[in-house]
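J.: One file is attached below, coords.tsv, containing TSV, C-alpha atoms.
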```tsv
chain	number	residue	atom	x	y	z
A	73	MET	CA	22.32	-8.78	4.59
A	74	MET	CA	18.76	-9.99	5.08
A	75	GLN	CA	16.43	-9.96	2.10
A	76	LEU	CA	12.71	-9.20	2.39
A	77	TYR	CA	10.42	-10.32	-0.43
A	78	ILE	CA	7.30	-8.19	-0.64
A	79	GLY	CA	4.36	-7.56	-2.97
A	80	ASN	CA	2.95	-4.32	-4.35
A	81	LYS	CA	3.19	-1.64	-1.68
A	82	ASN	CA	-0.17	-0.13	-2.54
A	83	TYR	CA	-2.03	-3.37	-1.83
A	84	SER	CA	0.11	-5.78	0.20
A	85	SER	CA	-0.77	-5.24	3.85
A	86	TRP	CA	1.12	-8.30	5.06
A	87	SER	CA	4.27	-7.15	3.29
A	88	MET	CA	3.96	-3.74	4.90
A	89	ARG	CA	4.23	-5.06	8.46
A	90	PRO	CA	7.80	-6.47	8.46
A	91	TRP	CA	9.02	-3.82	5.99
A	92	VAL	CA	7.88	-0.99	8.29
A	93	LEU	CA	9.28	-2.81	11.33
A	94	LEU	CA	12.73	-3.11	9.75
A	95	LYS	CA	12.70	0.38	8.27
A	96	GLN	CA	11.50	2.14	11.41
A	97	ALA	CA	14.02	0.24	13.54
A	98	GLU	CA	16.80	1.21	11.09
A	99	ILE	CA	17.77	-2.41	10.43
A	100	GLU	CA	19.47	-2.92	7.08
A	101	PHE	CA	17.82	-5.22	4.57
A	102	GLU	CA	17.47	-5.68	0.84
A	103	GLU	CA	13.98	-5.23	-0.53
A	104	ILE	CA	12.89	-7.56	-3.33
A	105	MET	CA	9.50	-6.58	-4.73
A	106	VAL	CA	7.59	-9.30	-6.57
A	107	ARG	CA	4.72	-7.76	-8.51
A	108	PHE	CA	1.28	-9.20	-7.91
A	109	ASP	CA	-0.12	-11.06	-10.90
A	110	ALA	CA	-2.66	-13.81	-11.55
A	111	PHE	CA	-1.09	-16.04	-8.83
A	112	THR	CA	-1.60	-19.11	-11.00
A	113	PRO	CA	0.92	-21.95	-10.52
A	114	GLU	CA	2.79	-20.90	-13.67
A	115	SER	CA	2.72	-17.15	-12.93
A	116	GLN	CA	5.89	-15.11	-12.44
A	117	PHE	CA	4.89	-14.37	-8.84
A	118	LYS	CA	4.68	-18.07	-8.00
A	119	ALA	CA	7.83	-18.81	-9.99
A	120	VAL	CA	9.78	-16.48	-7.70
A	121	LEU	CA	8.11	-17.35	-4.39
A	122	LYS	CA	7.46	-21.10	-4.53
A	123	PRO	CA	11.17	-22.07	-4.45
A	124	LEU	CA	11.51	-19.99	-1.28
A	125	SER	CA	8.29	-20.56	0.63
A	126	PRO	CA	5.87	-23.49	0.84
A	127	THR	CA	2.98	-21.01	0.79
A	128	GLY	CA	4.20	-19.14	-2.30
A	129	LYS	CA	3.12	-15.88	-0.68
A	130	VAL	CA	4.71	-12.68	0.59
A	131	PRO	CA	6.31	-11.58	2.79
A	132	VAL	CA	9.36	-13.82	2.98
A	133	LEU	CA	12.50	-12.99	4.95
A	134	VAL	CA	15.73	-14.64	3.87
A	135	ASP	CA	18.76	-14.51	6.18
A	136	GLY	CA	21.53	-16.64	4.77
A	137	ASP	CA	20.19	-20.18	4.54
A	138	LEU	CA	17.21	-19.40	6.75
A	139	VAL	CA	13.83	-18.62	5.16
A	140	ILE	CA	10.92	-17.29	7.25
A	141	TRP	CA	7.53	-16.91	5.57
A	142	ASP	CA	5.10	-15.91	8.31
A	143	THR	CA	4.74	-12.23	9.22
A	144	LEU	CA	4.63	-12.76	12.97
A	145	ALA	CA	7.49	-15.25	12.82
A	146	ILE	CA	9.52	-12.66	10.91
A	147	ALA	CA	8.84	-10.11	13.65
A	148	GLU	CA	9.89	-12.56	16.35
A	149	TYR	CA	13.08	-13.49	14.50
A	150	VAL	CA	14.07	-9.86	13.91
A	151	ALA	CA	13.39	-9.01	17.56
A	152	GLU	CA	15.64	-11.89	18.65
A	153	GLN	CA	18.39	-10.91	16.22
A	154	PHE	CA	18.37	-7.28	17.32
A	155	PRO	CA	17.53	-7.28	21.05
A	156	GLU	CA	19.02	-3.81	21.46
A	157	LYS	CA	16.19	-2.41	19.31
A	158	HIS	CA	13.56	-3.41	21.91
A	159	LEU	CA	11.02	-4.25	19.23
A	160	TRP	CA	8.80	-5.85	21.87
A	161	PRO	CA	8.06	-4.03	25.16
A	162	VAL	CA	10.71	-4.60	27.83
A	163	ASP	CA	8.18	-5.33	30.58
A	164	LYS	CA	7.17	-9.01	30.60
A	165	ALA	CA	3.44	-8.39	31.08
A	166	ALA	CA	3.35	-5.68	28.42
A	167	ARG	CA	5.29	-7.96	26.08
A	168	ALA	CA	2.74	-10.75	26.54
A	169	ARG	CA	-0.08	-8.33	25.87
A	170	ALA	CA	1.67	-6.99	22.78
A	171	ARG	CA	2.04	-10.50	21.40
A	172	SER	CA	-1.62	-11.18	22.14
A	173	ILE	CA	-2.89	-8.22	20.14
A	174	CYS	CA	-0.57	-9.02	17.25
A	175	ALA	CA	-1.90	-12.57	17.22
A	176	GLU	CA	-5.43	-11.16	17.30
A	177	MET	CA	-4.62	-9.03	14.27
A	178	HIS	CA	-3.04	-12.03	12.58
A	179	SER	CA	-6.23	-14.09	12.78
A	180	GLY	CA	-9.00	-11.57	13.32
A	181	PHE	CA	-10.67	-8.41	12.01
A	182	SER	CA	-11.84	-10.39	9.00
A	183	SER	CA	-14.76	-8.10	8.13
A	184	LEU	CA	-12.62	-4.98	8.08
A	185	ARG	CA	-9.92	-6.69	6.04
A	186	SER	CA	-12.44	-8.22	3.63
A	187	HIS	CA	-14.57	-5.15	2.95
A	188	CYS	CA	-11.82	-2.51	3.22
A	189	GLY	CA	-8.86	-3.89	1.33
A	190	MET	CA	-5.63	-1.94	1.68
A	191	ASN	CA	-5.38	0.64	-1.09
A	192	ILE	CA	-3.05	3.40	0.08
A	193	GLU	CA	-3.22	5.53	-3.05
A	194	ALA	CA	-7.03	5.63	-3.11
A	195	ARG	CA	-9.42	7.85	-1.21
A	196	LEU	CA	-12.83	6.17	-0.98
A	197	PRO	CA	-14.94	7.97	1.65
A	198	GLU	CA	-18.21	7.35	-0.22
A	199	VAL	CA	-17.48	3.63	-0.32
A	200	GLY	CA	-16.49	3.74	3.33
A	201	ALA	CA	-19.80	5.39	4.25
A	202	LEU	CA	-21.75	2.60	2.54
A	203	ILE	CA	-19.62	-0.10	4.14
A	204	TRP	CA	-20.11	1.51	7.53
A	205	ARG	CA	-23.87	1.64	7.00
A	206	ASP	CA	-24.29	-1.90	5.71
A	207	GLN	CA	-21.58	-4.04	7.32
A	208	ALA	CA	-22.12	-4.69	11.00
A	209	GLY	CA	-18.93	-6.76	11.09
A	210	VAL	CA	-16.86	-3.77	10.03
A	211	ARG	CA	-18.45	-1.62	12.73
A	212	ALA	CA	-17.70	-4.35	15.28
A	213	ASP	CA	-14.08	-4.66	14.14
A	214	VAL	CA	-13.54	-0.91	14.38
A	215	ALA	CA	-15.17	-0.83	17.82
A	216	ARG	CA	-12.74	-3.53	18.96
A	217	LEU	CA	-9.79	-1.56	17.56
A	218	VAL	CA	-10.93	1.61	19.29
A	219	ALA	CA	-11.36	-0.14	22.65
A	220	MET	CA	-8.00	-1.91	22.34
A	221	TRP	CA	-6.07	1.16	21.28
A	222	GLN	CA	-7.66	3.47	23.85
A	223	THR	CA	-6.84	1.05	26.66
A	224	LEU	CA	-3.22	0.70	25.57
A	225	LEU	CA	-2.65	4.39	24.88
A	226	GLN	CA	-4.06	5.30	28.30
A	227	ALA	CA	-2.07	2.57	30.06
A	228	HIS	CA	1.26	3.42	28.46
A	229	GLY	CA	0.89	7.15	27.87
A	230	GLY	CA	1.45	7.04	24.11
A	231	PRO	CA	2.44	8.18	21.61
A	232	MET	CA	2.50	4.57	20.37
A	233	LEU	CA	0.50	1.64	21.74
A	234	PHE	CA	3.18	0.63	24.25
A	235	GLY	CA	4.78	4.04	24.66
A	236	GLU	CA	7.62	3.71	22.18
A	237	PHE	CA	7.38	2.19	18.70
A	238	SER	CA	7.13	-1.60	18.77
A	239	VAL	CA	6.08	-4.55	16.64
A	240	THR	CA	2.46	-3.74	17.50
A	241	ASP	CA	2.51	-0.37	15.76
A	242	ALA	CA	4.05	-1.89	12.64
A	243	TYR	CA	1.44	-4.63	12.79
A	244	PHE	CA	-1.46	-2.19	12.86
A	245	ALA	CA	0.03	0.29	10.35
A	246	PRO	CA	-1.87	-1.25	7.39
A	247	ILE	CA	-5.11	-0.97	9.36
A	248	CYS	CA	-4.37	2.71	9.93
A	249	THR	CA	-4.07	3.24	6.16
A	250	ARG	CA	-7.40	1.46	5.63
A	251	LEU	CA	-9.12	3.70	8.14
A	252	ILE	CA	-7.85	6.72	6.20
A	253	THR	CA	-8.65	5.33	2.73
A	254	TYR	CA	-12.28	4.63	3.64
A	255	ALA	CA	-12.65	7.56	6.10
A	256	LEU	CA	-14.22	5.33	8.72
A	257	PRO	CA	-15.48	7.26	11.77
A	258	LEU	CA	-13.10	7.34	14.75
A	259	PRO	CA	-12.99	9.20	18.06
A	260	ASP	CA	-10.47	12.03	18.15
A	261	ASP	CA	-7.86	10.24	20.27
A	262	ILE	CA	-7.82	7.23	17.95
A	263	ALA	CA	-7.75	9.40	14.81
A	264	ALA	CA	-4.72	11.14	16.33
A	265	TYR	CA	-2.99	7.79	16.91
A	266	VAL	CA	-3.68	6.80	13.29
A	267	GLN	CA	-2.07	10.04	12.13
A	268	ARG	CA	0.96	9.50	14.37
A	269	VAL	CA	1.48	6.01	12.97
A	270	CYS	CA	1.20	7.26	9.39
A	271	ALA	CA	3.72	10.02	10.18
A	272	LEU	CA	6.40	7.57	11.34
A	273	PRO	CA	9.38	7.75	8.94
A	274	GLY	CA	9.15	4.03	8.15
A	275	VAL	CA	5.43	4.25	7.40
A	276	GLN	CA	5.86	7.46	5.42
A	277	ALA	CA	8.51	5.78	3.27
A	278	TRP	CA	6.15	2.89	2.49
A	279	ILE	CA	3.25	5.25	1.72
A	280	MET	CA	5.38	7.36	-0.63
A	281	ASP	CA	6.55	4.25	-2.49
A	282	ALA	CA	2.98	2.94	-2.69
A	283	CYS	CA	1.70	6.16	-4.22
A	284	ALA	CA	4.58	6.21	-6.69
A	285	GLU	CA	3.96	2.68	-7.99
A	286	GLN	CA	1.27	3.67	-10.49
A	287	ASP	CA	0.42	0.00	-10.92
A	288	PHE	CA	-3.35	-0.40	-11.14
A	289	LEU	CA	-4.37	-4.02	-10.54
A	290	ASP	CA	-8.03	-4.56	-11.30
A	291	PHE	CA	-8.34	-7.70	-9.14
A	292	GLU	CA	-7.25	-5.63	-6.11
A	293	GLU	CA	-9.78	-2.89	-6.93
A	294	PRO	CA	-13.34	-3.93	-6.07
A	295	TYR	CA	-14.48	-0.30	-5.99
A	296	ARG	CA	-12.72	1.33	-8.96
A	297	LEU	CA	-12.36	0.59	-12.66
A	298	HIS	CA	-9.34	2.87	-13.08
A	299	ARG	CA	-7.34	5.46	-11.22
```
Let's see the structure in the file written out as structure tokens.

T.:
Amino acid sequence: MMQLYIGNKNYSSWSMRPWVLLKQAEIEFEEIMVRFDAFTPESQFKAVLKPLSPTGKVPVLVDGDLVIWDTLAIAEYVAEQFPEKHLWPVDKAARARARSICAEMHSGFSSLRSHCGMNIEARLPEVGALIWRDQAGVRADVARLVAMWQTLLQAHGGPMLFGEFSVTDAYFAPICTRLITYALPLPDDIAAYVQRVCALPGVQAWIMDACAEQDFLDFEEPYRLHR
């Protein structure tokens, strides 16, 4: 059985993507959670991850002797291993577009990710209002998301970005939780998509686990001193 190494579910957006993909697709795997810590070379986190991955980061997928340590590479591998799950769109053009927006997420939206760190358990609308007022980059990132999602939802008829659930919806699931945490303003159709993503069984399972962790990490909490 494949093993997926992840970090804290409340904070680890990159871990969430392959975990939700596997869970929602009903692919069996063993979860190994490695708690976030100081990330120093001698830390427990690095002691577990460095022997597996040259980056010493999560997520890491282990399948027998094969180790995959990039989130998008994990998605590609899983899609190849389970073609019957249709984790990418079947249509060639749609599939290319889906890969393009995942790659854009992989390398972009830096302002949103920087100023609105994933924190599923928290509700920070006041912080979100200040970020929205002061950070033009966040407004630009959200505008890009809205335009992208509206185009795809209209083209494919929903309920997910390419009609049925795919890698793309798992890839943007952490962004959906950020939009809720910080109560960033969204048009109604996009707010409805965010709610549909968060209602997916795989996403709901992650959210429930994240809220149950009760593991407050001050270095992941720029806006709170305690719960």

J.: If you count all atoms listed in the file, which residues fall within 9 Å of stretch 92-108 of chain A, apart from same-chain ones fewer than 2 positions away, as JSON, numbers by chain?

T.: {"A": [73, 74, 75, 76, 77, 78, 79, 80, 81, 84, 87, 88, 89, 90, 110, 111, 116, 117, 120, 121, 130, 147, 150, 154, 157, 159, 237, 238, 239, 241, 242, 243, 245, 272, 273, 274, 275, 277, 278, 289]}

J.: Residues near stretch 177-190 of chain A, anyone? I mean within 6 Å using all atoms listed in the file, not counting same-chain ones fewer than 6 positions away, as a short mmCIF file (atom, residue, chain, number, x, y, z; two decimals) with C-alpha atoms, in the frame of the given file.

T.:
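Written output follows (around_17.cif):
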```cif
data_model
loop_
_atom_site.label_atom_id
_atom_site.label_comp_id
_atom_site.auth_asym_id
_atom_site.auth_seq_id
_atom_site.Cartn_x
_atom_site.Cartn_y
_atom_site.Cartn_z
CA TYR A 83 -2.03 -3.37 -1.83
CA GLY A 209 -18.93 -6.76 11.09
CA VAL A 210 -16.86 -3.77 10.03
CA ASP A 213 -14.08 -4.66 14.14
CA ARG A 250 -7.40 1.46 5.63
#
```

J.: Find the residues around stretch 251-264 of chain A up to 6 Å (all atoms listed in the file counted), leave out those fewer than 2 positions away in its own chain, and share them as a compact mmCIF listing (two decimals) with C-alpha atoms, in the coordinates of the input.

T.:
```txt
# COMPACT_ATOMS: atom_id res chain seq x y z
CA ARG A 195 -9.42 7.85 -1.21
CA LEU A 196 -12.83 6.17 -0.98
CA PRO A 197 -14.94 7.97 1.65
CA GLY A 200 -16.49 3.74 3.33
CA CYS A 248 -4.37 2.71 9.93
CA THR A 249 -4.07 3.24 6.16
CA VAL A 266 -3.68 6.80 13.29
CA GLN A 267 -2.07 10.04 12.13
```

J.: Figure out the distance between atom CA of A:Asp109 and atom CA of A:Leu297, please, to one decimal in Å.

T.: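 Spanning atom CA of A:Leu297 to atom CA of A:Asp109 is a straight-line distance of 17.0 Å.
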
J.: Given the choices A:Lys164, A:Glu236, A:Lys122, A:Ala271, which gets closest to A:Leu224 if the distance is worked out from all atoms listed in the file?

T.: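 Checking each of A:Lys164, A:Glu236, A:Lys122, A:Ala271 against A:Leu224, counting all atoms listed in the file, the winner is A:Glu236.
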
J.: For a test of reading the model, state the distance in Å between atom CA of A:Trp86 and atom CA of A:Pro246, rounded to one decimal.

T.: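 Spanning atom CA of A:Trp86 to atom CA of A:Pro246 is a straight-line distance of 8.0 Å.
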
J.: Identify which of the residues A:Leu124, A:Cys174, A:Ala227, A:Ile279 lies closest to A:Glu148, counting all atoms listed in the file when measuring atom-to-atom distances.

T.: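 Once distances to A:Glu148 are computed over all atoms listed in the file, the minimum belongs to A:Cys174.
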
J.: Tell me which of A:Asp281, A:Asp287, A:Thr240, A:Ile203 sits closest to A:Ala168, counting only C-alpha atoms.

T.: A:Thr240

J.: Counting all atoms listed in the file, which residue out of A:Gln226, A:Gln276, A:Gln153, A:Thr127 sits closest to A:Trp91?

T.: A:Gln276

J.: What gap, in Å, lies between atom CA of A:Ala284 and atom CA of A:Ile192?

T.: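 One can read the atom CA of A:Ala284 to atom CA of A:Ile192 distance as 10.6 Å.
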
J.: Regenerate stretch 268-290 of chain A at the level of N, CA and C atoms and dump it as a PDB file, in the coordinates of the input.

T.:
```pdb
ATOM      1  N   ARG A 268      -0.420   9.658  13.871  1.00  0.00           N
ATOM      2  CA  ARG A 268       0.960   9.500  14.370  1.00  0.00           C
ATOM      3  C   ARG A 268       1.640   8.296  13.745  1.00  0.00           C
ATOM      4  N   VAL A 269       0.896   7.195  13.615  1.00  0.00           N
ATOM      5  CA  VAL A 269       1.480   6.010  12.970  1.00  0.00           C
ATOM      6  C   VAL A 269       1.857   6.331  11.523  1.00  0.00           C
ATOM      7  N   CYS A 270       0.949   6.973  10.804  1.00  0.00           N
ATOM      8  CA  CYS A 270       1.200   7.260   9.390  1.00  0.00           C
ATOM      9  C   CYS A 270       2.309   8.294   9.202  1.00  0.00           C
ATOM     10  N   ALA A 271       2.641   9.042  10.257  1.00  0.00           N
ATOM     11  CA  ALA A 271       3.720  10.020  10.180  1.00  0.00           C
ATOM     12  C   ALA A 271       5.081   9.433  10.539  1.00  0.00           C
ATOM     13  N   LEU A 272       5.115   8.200  11.043  1.00  0.00           N
ATOM     14  CA  LEU A 272       6.400   7.570  11.340  1.00  0.00           C
ATOM     15  C   LEU A 272       7.252   7.504  10.074  1.00  0.00           C
ATOM     16  N   PRO A 273       8.549   7.766  10.154  1.00  0.00           N
ATOM     17  CA  PRO A 273       9.380   7.750   8.940  1.00  0.00           C
ATOM     18  C   PRO A 273       9.282   6.446   8.154  1.00  0.00           C
ATOM     19  N   GLY A 274       9.250   5.307   8.851  1.00  0.00           N
ATOM     20  CA  GLY A 274       9.150   4.030   8.150  1.00  0.00           C
ATOM     21  C   GLY A 274       7.835   3.871   7.427  1.00  0.00           C
ATOM     22  N   VAL A 275       6.749   4.330   8.034  1.00  0.00           N
ATOM     23  CA  VAL A 275       5.430   4.250   7.400  1.00  0.00           C
ATOM     24  C   VAL A 275       5.342   5.253   6.260  1.00  0.00           C
ATOM     25  N   GLN A 276       5.860   6.455   6.474  1.00  0.00           N
ATOM     26  CA  GLN A 276       5.860   7.460   5.420  1.00  0.00           C
ATOM     27  C   GLN A 276       6.614   6.971   4.186  1.00  0.00           C
ATOM     28  N   ALA A 277       7.729   6.294   4.401  1.00  0.00           N
ATOM     29  CA  ALA A 277       8.510   5.780   3.270  1.00  0.00           C
ATOM     30  C   ALA A 277       7.701   4.763   2.473  1.00  0.00           C
ATOM     31  N   TRP A 278       6.993   3.883   3.175  1.00  0.00           N
ATOM     32  CA  TRP A 278       6.150   2.890   2.490  1.00  0.00           C
ATOM     33  C   TRP A 278       5.035   3.586   1.716  1.00  0.00           C
ATOM     34  N   ILE A 279       4.362   4.547   2.352  1.00  0.00           N
ATOM     35  CA  ILE A 279       3.250   5.250   1.720  1.00  0.00           C
ATOM     36  C   ILE A 279       3.718   5.973   0.456  1.00  0.00           C
ATOM     37  N   MET A 280       4.855   6.637   0.538  1.00  0.00           N
ATOM     38  CA  MET A 280       5.380   7.360  -0.630  1.00  0.00           C
ATOM     39  C   MET A 280       5.672   6.392  -1.776  1.00  0.00           C
ATOM     40  N   ASP A 281       6.262   5.249  -1.462  1.00  0.00           N
ATOM     41  CA  ASP A 281       6.550   4.250  -2.490  1.00  0.00           C
ATOM     42  C   ASP A 281       5.260   3.692  -3.078  1.00  0.00           C
ATOM     43  N   ALA A 282       4.263   3.473  -2.221  1.00  0.00           N
ATOM     44  CA  ALA A 282       2.980   2.940  -2.690  1.00  0.00           C
ATOM     45  C   ALA A 282       2.317   3.899  -3.671  1.00  0.00           C
ATOM     46  N   CYS A 283       2.339   5.169  -3.355  1.00  0.00           N
ATOM     47  CA  CYS A 283       1.700   6.160  -4.220  1.00  0.00           C
ATOM     48  C   CYS A 283       2.469   6.352  -5.523  1.00  0.00           C
ATOM     49  N   ALA A 284       3.759   6.048  -5.491  1.00  0.00           N
ATOM     50  CA  ALA A 284       4.580   6.210  -6.690  1.00  0.00           C
ATOM     51  C   ALA A 284       4.529   5.008  -7.622  1.00  0.00           C
ATOM     52  N   GLU A 285       3.943   3.908  -7.172  1.00  0.00           N
ATOM     53  CA  GLU A 285       3.960   2.680  -7.990  1.00  0.00           C
ATOM     54  C   GLU A 285       3.227   2.856  -9.312  1.00  0.00           C
ATOM     55  N   GLN A 286       2.069   3.490  -9.281  1.00  0.00           N
ATOM     56  CA  GLN A 286       1.270   3.670 -10.490  1.00  0.00           C
ATOM     57  C   GLN A 286       1.018   2.336 -11.193  1.00  0.00           C
ATOM     58  N   ASP A 287       0.667   1.343 -10.394  1.00  0.00           N
ATOM     59  CA  ASP A 287       0.420   0.000 -10.920  1.00  0.00           C
ATOM     60  C   ASP A 287      -0.993  -0.413 -10.535  1.00  0.00           C
ATOM     61  N   PHE A 288      -1.939  -0.126 -11.409  1.00  0.00           N
ATOM     62  CA  PHE A 288      -3.350  -0.400 -11.140  1.00  0.00           C
ATOM     63  C   PHE A 288      -3.642  -1.874 -11.420  1.00  0.00           C
ATOM     64  N   LEU A 289      -4.064  -2.607 -10.391  1.00  0.00           N
ATOM     65  CA  LEU A 289      -4.370  -4.020 -10.540  1.00  0.00           C
ATOM     66  C   LEU A 289      -5.864  -4.214 -10.312  1.00  0.00           C
ATOM     67  N   ASP A 290      -6.574  -4.547 -11.387  1.00  0.00           N
ATOM     68  CA  ASP A 290      -8.030  -4.560 -11.300  1.00  0.00           C
ATOM     69  C   ASP A 290      -8.555  -5.570 -10.280  1.00  0.00           C
TER      70      ASP A 290
END
```
